[in-house]
Amino acid sequence: MGPKTFAAAVLALLAIGVGSAGAHHSVAGQFDNSRRAKITGTISKIDWINPHTYIYLDVKSDKGEVTTWRLESLPTAMLRKAGLTSEKLISGGATVTADALMARDGSAHLAWLLKLTYEDGHFFQLAGE
Amino acid sequence: MSVATTRLVFGLPVLLACGVLALPAAAQSAREARLADGHPDFSGTWENGSGIDFVQPQQKGASVCIFGCGGAPPPPETQGAGPTPSRPQYRPEFAARVADLAKRQVSEDPVLRCKAPGVPRIGPPDKIVQRPGEALFLYDDVSGNFFRIVPTDGRPHITDTEPSFLGDAVGRWEGDTLVVETVKFNTDTWLTDDGAFHTKDLRVVERLRRTGADTLEWSATVYDPTVLSAPWQVPPRAERATKVDMVEAAPCIEQSLSHMVDDTHHTNPR
């Protein structure tokens, strides 16, 4: 496919994934590879858009308060190539743990999604850790 | 007609029909892929190698790994940095402007804001629909779906239209090569991702030819003598037929650039 720009996001995450300090790492300009988050909740919404998809993870505190995390991820064509759909990602509302990188600009609850691991053990690894 | 010749002439269709004497697939395809007017027919969906070829997801049971699956990272040339490593060369007086735009790419590159990438940055067509006198180029881009109508019936460029992102294209045949000349671009596109601006006088000549039964070659030459010191020859790119058809592109709604904390380059290899 042409998209062509898909490589944009990819290069970015590749750079993070392999620790490259090269010029091609816009994700590194937005997210902090040294500040990692592990968040558990359920996926309430997915923005199936380009150039980046967004996965919204509802996290419930001990007091029952719900905080929604916005997890930025790959372009749609890459998820499609991997056979991933919104339905598969939501997985029937199953509990899922996200590994992610926090935003560098201090935005609360915004992160770059690395991996989703579901209760039954299956996972979707979307970026290098 | 001799008996032997008669057997050959009358026997050949039967043998071919039975598949006994099947022609090599390549020869068959190449011969059949022509329009009624005799010109090559490039109709089909084409993987052009500039997108996500390097993305090779690994599946294990219900789990999927797209990146970070272990093993060596893909070589640089497959990470999207190519296949057009060359860059247009500018007249000396414009070098500073290009460098400045490149430095401020995150805030200036139109493509990062979902605008149409222009030509030749959009690359080879992802799908071609062709009939005598006309070719339709379709694109599946992260910025959206785009189309270009390329008349090949000898008509001149349109004169009563506004400049646009993908310009006005006119095609002609040079032997079995489709030559597409495009003009009347707006100035809201870059030639590459590093500040390669152009003027309204940009002219792009693309060439498409069949290189095999299931392969095409696309190349382009960029002319903008006001700012370029010489025409820029975009390296040829191969397209190969694919059975994975295009789908409606997801909406392009940029939401991440406002969170960038520096001018870190956002690579876009087109």
# chains A, B, ... in the order shown; residues from 1 in each chain; ligands from 1
>>> closest_atom_pairs(of="range 226-247 of chain B", to="range 90-94 of chain B", cutoff="7 Å", atoms="only C-alpha atoms", output="JSON lines")
{"residue": "B:Val227", "atom": "CA", "partner": "B:Arg91", "partner_atom": "CA", "distance": 5.7}
{"residue": "B:Leu228", "atom": "CA", "partner": "B:Tyr90", "partner_atom": "CA", "distance": 4.2}
{"residue": "B:Ser229", "atom": "CA", "partner": "B:Arg91", "partner_atom": "CA", "distance": 4.7}
>>> residues_around(residues="Trp173 in chain B", least_positions_apart="4", cutoff="9 Å", atoms="only C-alpha atoms", output="MDAnalysis selection string")
chainID B and resid 39 152 177:180
>>> write_last_selection(atoms="N, CA and C atoms", output="compact mmCIF listing (two decimals), in the first residue's frame")
# COMPACT_ATOMS: atom_id res chain seq x y z
N HIS B 39 -2.50 -0.79 -26.25
CA HIS B 39 -1.56 -0.31 -25.23
C HIS B 39 -1.58 -1.25 -24.02
N THR B 152 -5.49 9.77 -21.60
CA THR B 152 -4.41 9.35 -22.51
C THR B 152 -4.88 9.44 -23.96
N THR B 177 5.46 2.47 -22.62
CA THR B 177 5.60 3.24 -21.38
C THR B 177 4.54 4.33 -21.31
N LEU B 178 3.83 4.37 -20.21
CA LEU B 178 2.86 5.44 -19.98
C LEU B 178 3.59 6.62 -19.34
N VAL B 179 3.57 7.74 -20.02
CA VAL B 179 4.25 8.94 -19.53
C VAL B 179 3.17 9.93 -19.06
N VAL B 180 3.25 10.31 -17.81
CA VAL B 180 2.23 11.19 -17.22
C VAL B 180 2.89 12.52 -16.85
>>> closest_atom_pairs(of="chain B", to="chain A", cutoff="8 Å", atoms="only C-alpha atoms", output="Markdown table")
| residue | atom | partner | partner_atom | distance |
| --- | --- | --- | --- | --- |
| B:Trp46 | CA | A:Met1 | CA | 7.3 |
| B:Glu47 | CA | A:Met1 | CA | 5.3 |
| B:Asn48 | CA | A:Met1 | CA | 6.5 |
| B:Gly49 | CA | A:Met1 | CA | 7.5 |
| B:Ser50 | CA | A:Lys4 | CA | 5.4 |
| B:Gly51 | CA | A:Lys4 | CA | 4.1 |
| B:Ile52 | CA | A:Phe6 | CA | 6.5 |
| B:Val55 | CA | A:Met78 | CA | 7.1 |
| B:Gln56 | CA | A:Ala82 | CA | 7.9 |
| B:Pro57 | CA | A:Ala82 | CA | 5.4 |
| B:Gln58 | CA | A:Ala82 | CA | 7.9 |
| B:Gly61 | CA | A:His122 | CA | 8.0 |
| B:Ala62 | CA | A:His122 | CA | 5.9 |
| B:Ser63 | CA | A:Phe123 | CA | 4.8 |
| B:Val64 | CA | A:Phe124 | CA | 4.8 |
| B:Cys65 | CA | A:Gln125 | CA | 4.4 |
| B:Ile66 | CA | A:Leu126 | CA | 5.2 |
| B:Phe67 | CA | A:Ala127 | CA | 4.7 |
| B:Gly68 | CA | A:Gly128 | CA | 3.6 |
| B:Cys69 | CA | A:Gly128 | CA | 7.2 |
| B:Pro73 | CA | A:Val18 | CA | 7.3 |
| B:Gln79 | CA | A:Leu11 | CA | 6.4 |
| B:Gly80 | CA | A:Ala7 | CA | 5.2 |
| B:Ala81 | CA | A:Ala7 | CA | 8.0 |
| B:Cys114 | CA | A:Pro51 | CA | 7.8 |
| B:Ile122 | CA | A:Gly2 | CA | 7.5 |
| B:Gly123 | CA | A:Gly2 | CA | 7.1 |
| B:Pro124 | CA | A:Gly2 | CA | 7.4 |
| B:Pro125 | CA | A:Gly2 | CA | 7.3 |
| B:Asp126 | CA | A:Gly2 | CA | 5.8 |
| B:Tyr139 | CA | A:Gly2 | CA | 6.4 |
| B:Asp140 | CA | A:Gly2 | CA | 5.5 |
| B:Asp141 | CA | A:Pro3 | CA | 3.9 |
| B:Val142 | CA | A:Pro3 | CA | 5.1 |
| B:Ser143 | CA | A:Asn50 | CA | 7.1 |
| B:Met246 | CA | A:Met1 | CA | 7.7 |
| B:Ala250 | CA | A:Ile49 | CA | 5.2 |
| B:Pro251 | CA | A:Ile49 | CA | 5.1 |
| B:Cys252 | CA | A:Asn50 | CA | 4.4 |
| B:Ile253 | CA | A:Asn50 | CA | 6.0 |
| B:Glu254 | CA | A:Pro51 | CA | 6.3 |
| B:Ser256 | CA | A:Gln30 | CA | 7.8 |
| B:Leu257 | CA | A:Gln30 | CA | 8.0 |
| B:His259 | CA | A:Gln30 | CA | 5.8 |
| B:Met260 | CA | A:Gln30 | CA | 4.5 |
| B:Val261 | CA | A:Gly29 | CA | 5.9 |
| B:Asp262 | CA | A:Gly29 | CA | 6.0 |
| B:Asp263 | CA | A:Gly29 | CA | 7.5 |
| B:Thr264 | CA | A:Gly29 | CA | 5.6 |
| B:His265 | CA | A:His24 | CA | 5.8 |
| B:His266 | CA | A:Ser26 | CA | 4.7 |
| B:Thr267 | CA | A:Ala8 | CA | 4.8 |
| B:Asn268 | CA | A:Ala8 | CA | 4.9 |
| B:Pro269 | CA | A:Thr5 | CA | 6.9 |
| B:Arg270 | CA | A:Lys4 | CA | 6.4 |
>>> residues_around(residues="range 63-66 of chain A", least_positions_apart="2", cutoff="12 Å", atoms="only C-alpha atoms", output="list in words")
Thr40, Gly41, Thr42, Ser44, Tyr56, Leu57, Asp58, Val59, Lys60, Ser61, Thr68, Trp69 and His109 of chain A
>>> decode(residues="range 13-129 of chain A", atoms="C-alpha atoms", output="mmCIF file, in the first residue's frame")
data_model
loop_
_atom_site.group_PDB
_atom_site.id
_atom_site.type_symbol
_atom_site.label_atom_id
_atom_site.label_comp_id
_atom_site.auth_asym_id
_atom_site.auth_seq_id
_atom_site.Cartn_x
_atom_site.Cartn_y
_atom_site.Cartn_z
ATOM 1 C CA LEU A 13 8.590 3.487 17.477
ATOM 2 C CA LEU A 14 11.410 1.507 15.996
ATOM 3 C CA ALA A 15 13.767 4.117 17.271
ATOM 4 C CA ILE A 16 12.386 3.747 20.734
ATOM 5 C CA GLY A 17 12.319 0.023 20.429
ATOM 6 C CA VAL A 18 15.923 -0.357 19.486
ATOM 7 C CA GLY A 19 17.201 2.550 21.482
ATOM 8 C CA SER A 20 18.360 4.404 18.422
ATOM 9 C CA ALA A 21 19.348 8.008 18.818
ATOM 10 C CA GLY A 22 18.827 8.671 15.177
ATOM 11 C CA ALA A 23 16.886 11.511 13.718
ATOM 12 C CA HIS A 24 13.789 9.530 13.021
ATOM 13 C CA HIS A 25 11.988 9.298 16.283
ATOM 14 C CA SER A 26 9.071 11.593 16.557
ATOM 15 C CA VAL A 27 7.537 9.342 19.162
ATOM 16 C CA ALA A 28 10.576 10.022 21.278
ATOM 17 C CA GLY A 29 9.798 13.699 20.857
ATOM 18 C CA GLN A 30 6.416 13.102 22.371
ATOM 19 C CA PHE A 31 6.853 10.234 24.810
ATOM 20 C CA ASP A 32 9.473 9.512 27.431
ATOM 21 C CA ASN A 33 11.237 6.190 27.073
ATOM 22 C CA SER A 34 12.379 6.421 30.685
ATOM 23 C CA ARG A 35 8.922 6.906 32.173
ATOM 24 C CA ARG A 36 6.911 3.766 31.815
ATOM 25 C CA ALA A 37 3.423 3.004 32.983
ATOM 26 C CA LYS A 38 1.611 -0.262 33.593
ATOM 27 C CA ILE A 39 -2.104 0.317 33.642
ATOM 28 C CA THR A 40 -4.921 -2.173 34.089
ATOM 29 C CA GLY A 41 -8.485 -1.591 33.025
ATOM 30 C CA THR A 42 -10.939 -2.149 30.217
ATOM 31 C CA ILE A 43 -10.955 -0.614 26.767
ATOM 32 C CA SER A 44 -13.951 1.681 26.445
ATOM 33 C CA LYS A 45 -13.328 3.204 23.025
ATOM 34 C CA ILE A 46 -11.018 3.104 20.057
ATOM 35 C CA ASP A 47 -10.437 5.914 17.607
ATOM 36 C CA TRP A 48 -9.694 4.044 14.385
ATOM 37 C CA ILE A 49 -7.965 6.993 12.767
ATOM 38 C CA ASN A 50 -4.668 7.978 11.180
ATOM 39 C CA PRO A 51 -1.896 8.869 11.471
ATOM 40 C CA HIS A 52 -2.237 7.269 14.902
ATOM 41 C CA THR A 53 -4.945 5.181 16.478
ATOM 42 C CA TYR A 54 -6.052 5.900 20.052
ATOM 43 C CA ILE A 55 -7.137 3.326 22.554
ATOM 44 C CA TYR A 56 -9.049 4.523 25.604
ATOM 45 C CA LEU A 57 -8.485 2.498 28.742
ATOM 46 C CA ASP A 58 -10.830 2.957 31.704
ATOM 47 C CA VAL A 59 -8.987 2.382 34.939
ATOM 48 C CA LYS A 60 -10.973 2.038 38.172
ATOM 49 C CA SER A 61 -9.412 3.088 41.458
ATOM 50 C CA ASP A 62 -9.916 1.327 44.768
ATOM 51 C CA LYS A 63 -12.588 3.922 45.521
ATOM 52 C CA GLY A 64 -14.407 3.109 42.315
ATOM 53 C CA GLU A 65 -13.429 6.290 40.480
ATOM 54 C CA VAL A 66 -12.784 5.776 36.795
ATOM 55 C CA THR A 67 -9.881 7.460 35.002
ATOM 56 C CA THR A 68 -9.644 7.147 31.238
ATOM 57 C CA TRP A 69 -6.169 6.801 29.749
ATOM 58 C CA ARG A 70 -5.591 7.760 26.129
ATOM 59 C CA LEU A 71 -3.098 5.409 24.578
ATOM 60 C CA GLU A 72 -1.618 6.425 21.229
ATOM 61 C CA SER A 73 -0.671 3.622 18.877
ATOM 62 C CA LEU A 74 0.054 2.536 15.333
ATOM 63 C CA PRO A 75 -1.582 3.671 12.101
ATOM 64 C CA THR A 76 -4.593 1.667 11.044
ATOM 65 C CA ALA A 77 -2.874 -0.073 8.137
ATOM 66 C CA MET A 78 -0.346 -1.706 10.455
ATOM 67 C CA LEU A 79 -3.013 -2.959 12.808
ATOM 68 C CA ARG A 80 -4.957 -4.257 9.823
ATOM 69 C CA LYS A 81 -1.904 -6.048 8.484
ATOM 70 C CA ALA A 82 -1.529 -7.729 11.864
ATOM 71 C CA GLY A 83 -5.150 -8.799 11.744
ATOM 72 C CA LEU A 84 -6.103 -6.526 14.615
ATOM 73 C CA THR A 85 -9.483 -4.842 14.695
ATOM 74 C CA SER A 86 -11.279 -2.689 17.237
ATOM 75 C CA GLU A 87 -13.314 -5.718 18.211
ATOM 76 C CA LYS A 88 -10.222 -7.815 18.875
ATOM 77 C CA LEU A 89 -8.592 -5.054 20.858
ATOM 78 C CA ILE A 90 -11.654 -4.473 23.027
ATOM 79 C CA SER A 91 -11.932 -8.234 23.383
ATOM 80 C CA GLY A 92 -15.430 -8.181 24.780
ATOM 81 C CA GLY A 93 -14.489 -5.762 27.512
ATOM 82 C CA ALA A 94 -11.950 -8.067 29.052
ATOM 83 C CA THR A 95 -9.555 -6.740 31.650
ATOM 84 C CA VAL A 96 -6.303 -5.773 30.020
ATOM 85 C CA THR A 97 -2.961 -4.447 31.209
ATOM 86 C CA ALA A 98 -1.210 -1.861 29.085
ATOM 87 C CA ASP A 99 2.509 -1.195 29.085
ATOM 88 C CA ALA A 100 3.082 2.333 27.865
ATOM 89 C CA LEU A 101 5.410 5.342 27.784
ATOM 90 C CA MET A 102 4.280 8.548 29.455
ATOM 91 C CA ALA A 103 3.905 11.809 27.534
ATOM 92 C CA ARG A 104 6.872 14.121 27.803
ATOM 93 C CA ASP A 105 4.788 17.286 27.899
ATOM 94 C CA GLY A 106 3.207 16.309 31.173
ATOM 95 C CA SER A 107 -0.208 15.470 29.730
ATOM 96 C CA ALA A 108 -1.935 13.360 32.311
ATOM 97 C CA HIS A 109 -3.133 9.958 31.205
ATOM 98 C CA LEU A 110 -1.652 10.207 27.717
ATOM 99 C CA ALA A 111 0.831 7.500 26.780
ATOM 100 C CA TRP A 112 2.370 5.584 23.885
ATOM 101 C CA LEU A 113 1.112 2.036 23.882
ATOM 102 C CA LEU A 114 3.722 -0.688 23.841
ATOM 103 C CA LYS A 115 1.777 -3.810 24.703
ATOM 104 C CA LEU A 116 -1.652 -5.021 25.711
ATOM 105 C CA THR A 117 -1.837 -8.173 27.820
ATOM 106 C CA TYR A 118 -5.220 -9.733 28.466
ATOM 107 C CA GLU A 119 -6.424 -11.725 31.466
ATOM 108 C CA ASP A 120 -6.172 -15.021 29.643
ATOM 109 C CA GLY A 121 -2.535 -14.354 28.816
ATOM 110 C CA HIS A 122 -2.739 -13.495 25.171
ATOM 111 C CA PHE A 123 -1.135 -10.212 24.166
ATOM 112 C CA PHE A 124 -0.675 -7.730 21.386
ATOM 113 C CA GLN A 125 2.860 -6.362 21.236
ATOM 114 C CA LEU A 126 2.654 -3.148 19.260
ATOM 115 C CA ALA A 127 6.016 -1.517 19.890
ATOM 116 C CA GLY A 128 9.449 -2.434 21.111
ATOM 117 C CA GLU A 129 10.040 -2.313 24.840
#
